[in-house]
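For reference, the structure is listed below as structure tokens.
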Amino acid sequence: MAVTVTQQLPFVVLDERDRIVGVGPDAESQFGPLIGSVMWDCFPGSEPLFKPYYDSARRTGEQLEFVQFYDGNIARIRAVPRGDGRLDLHWEQLARLDTLTLGGLVRTLEESLEHLDGERAGAHRAELRKTLRVIEGGA
């Protein structure tokens with residue numbers, strides 16, 4: 001008999017004032033004790049990196065996905081707005097800096113830069129696609 005295991009991404013729910021009001025089981029150990037706290041108070045320096053994306057998702061009402069570096073980690077974050085001003089945040093860790101040895105640091109820095117370069121190239125391609133227009137006629 002085969003068993004299929006599906007891995008769920010960790011998630012956190014923020015209210016309209018960016019307080020942590022919900023935590024998924026895969027994020028419980030890190031975020032559970034922070035319920036009721038403002039996200040930016042718990043993670044110093046993160047507000048200018050993440051809040052513009054969260055505000056944009058709330059303003060447009062559309063899911064937004066981005067890649068960000070913070071505190072030695074690179075993660076792909078998906079911000080999903082709810083109708084009540086709350087925001088569901090899901091993330092997948094893409095890379096983590098290894099600071100135990102110089103060799104580990106160099107290797108993980110290179111991996112991290114590859115992830116970020118790949119994301120930047122993908123975003124650039126998406127912007128270019130938006131500018132393309134089909135012109136009818138011709139051969």
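Each chain in the structure tokens gets a letter, A, B and so on, in the order shown; residues start at 1 in every chain, and ligands are counted from 1 in the order they appear.
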
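For Gly36 of chain A, the non-local neighbours within 12 Å, defined as residues at least 5 positions apart in the same chain or in other chains and counting only C-alpha atoms, are Val12, Val13, Leu14, Asp15, Arg17, Asp18, Arg19, Ile20, Val21, Gly22, Val23, Phe31, Asp41 and Cys42 of chain A.
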
Please identify which residues in segment 37-131 of chain A DSSP calls strand (DSSP E or B) from the backbone, and express them as a ChimeraX atom specification. /A:38,64-70,73-81,87-96

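The list of residues with at least one atom within 6 Å of Leu64 of chain A, based on only C-alpha atoms and without residues fewer than 3 positions apart in the same chain, reads Ala57, Arg78 and Ala79 of chain A.
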
Requested write-out: N, CA, C and O atoms of the selected residues, as a compact mmCIF listing (two decimals), in the first residue's frame:
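File written: selection.txt
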# COMPACT_ATOMS: atom_id res chain seq x y z
N ALA A 57 -1.30 43.71 -1.52
CA ALA A 57 -2.25 42.60 -1.62
C ALA A 57 -3.60 43.00 -1.03
O ALA A 57 -4.65 42.72 -1.61
N ARG A 78 3.70 34.07 -0.13
CA ARG A 78 2.44 34.30 -0.83
C ARG A 78 1.50 34.97 0.16
O ARG A 78 1.21 34.43 1.22
N ALA A 79 1.07 36.19 -0.17
CA ALA A 79 0.15 36.96 0.66
C ALA A 79 -1.24 36.87 0.02
O ALA A 79 -1.43 37.29 -1.11

Would you give me, as a PyMOL selection string, the residues in segment 14-134 of chain A that DSSP reads as alpha helix (DSSP H)? chain A and resi 28-31+39-42+47-60+102-131

Skip Arg96 of chain A itself and residues of its chain fewer than 3 positions away, then list as a PyMOL selection string all residues within 7 Å of it, counting only C-alpha atoms. chain A and resi 72-74+108

Write the selection just made, keeping N, CA and C atoms, as an mmCIF file, in the first residue's frame?
data_model
loop_
_atom_site.group_PDB
_atom_site.id
_atom_site.type_symbol
_atom_site.label_atom_id
_atom_site.label_comp_id
_atom_site.auth_asym_id
_atom_site.auth_seq_id
_atom_site.Cartn_x
_atom_site.Cartn_y
_atom_site.Cartn_z
ATOM 1 N N GLY A 72 19.078 36.032 7.178
ATOM 2 C CA GLY A 72 19.821 34.867 6.735
ATOM 3 C C GLY A 72 19.021 33.854 5.949
ATOM 4 N N ASN A 73 17.764 34.178 5.635
ATOM 5 C CA ASN A 73 16.891 33.255 4.904
ATOM 6 C C ASN A 73 16.357 33.910 3.643
ATOM 7 N N ILE A 74 16.173 33.085 2.620
ATOM 8 C CA ILE A 74 15.445 33.525 1.429
ATOM 9 C C ILE A 74 14.190 32.675 1.378
ATOM 10 N N THR A 108 26.480 28.866 0.481
ATOM 11 C CA THR A 108 25.080 29.268 0.643
ATOM 12 C C THR A 108 24.821 30.687 0.137
#

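Distance check against Gln68 of chain A using only C-alpha atoms: of A:Val106, A:Leu113, A:Ala27, A:Leu34, the minimum falls on A:Leu113.
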
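Distances from A:Glu28, A:Ile77, A:Met39, A:Glu16 to Arg58 of chain A were compared using only C-alpha atoms, and the smallest one belongs to A:Glu16.
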
So which residues touch Phe11 of chain A within 6 Å, counting only C-alpha atoms, skipping near sequence neighbours fewer than 6 positions away, as number ranges by chain? A: 24, 89-90

Please dump the current selection as an mmCIF file, in the first residue's frame; keep C-alpha atoms.
data_model
loop_
_atom_site.group_PDB
_atom_site.id
_atom_site.type_symbol
_atom_site.label_atom_id
_atom_site.label_comp_id
_atom_site.auth_asym_id
_atom_site.auth_seq_id
_atom_site.Cartn_x
_atom_site.Cartn_y
_atom_site.Cartn_z
ATOM 1 C CA GLY A 24 -0.975 27.047 11.040
ATOM 2 C CA LEU A 89 0.775 34.494 4.647
ATOM 3 C CA HIS A 90 2.275 31.263 3.316
#
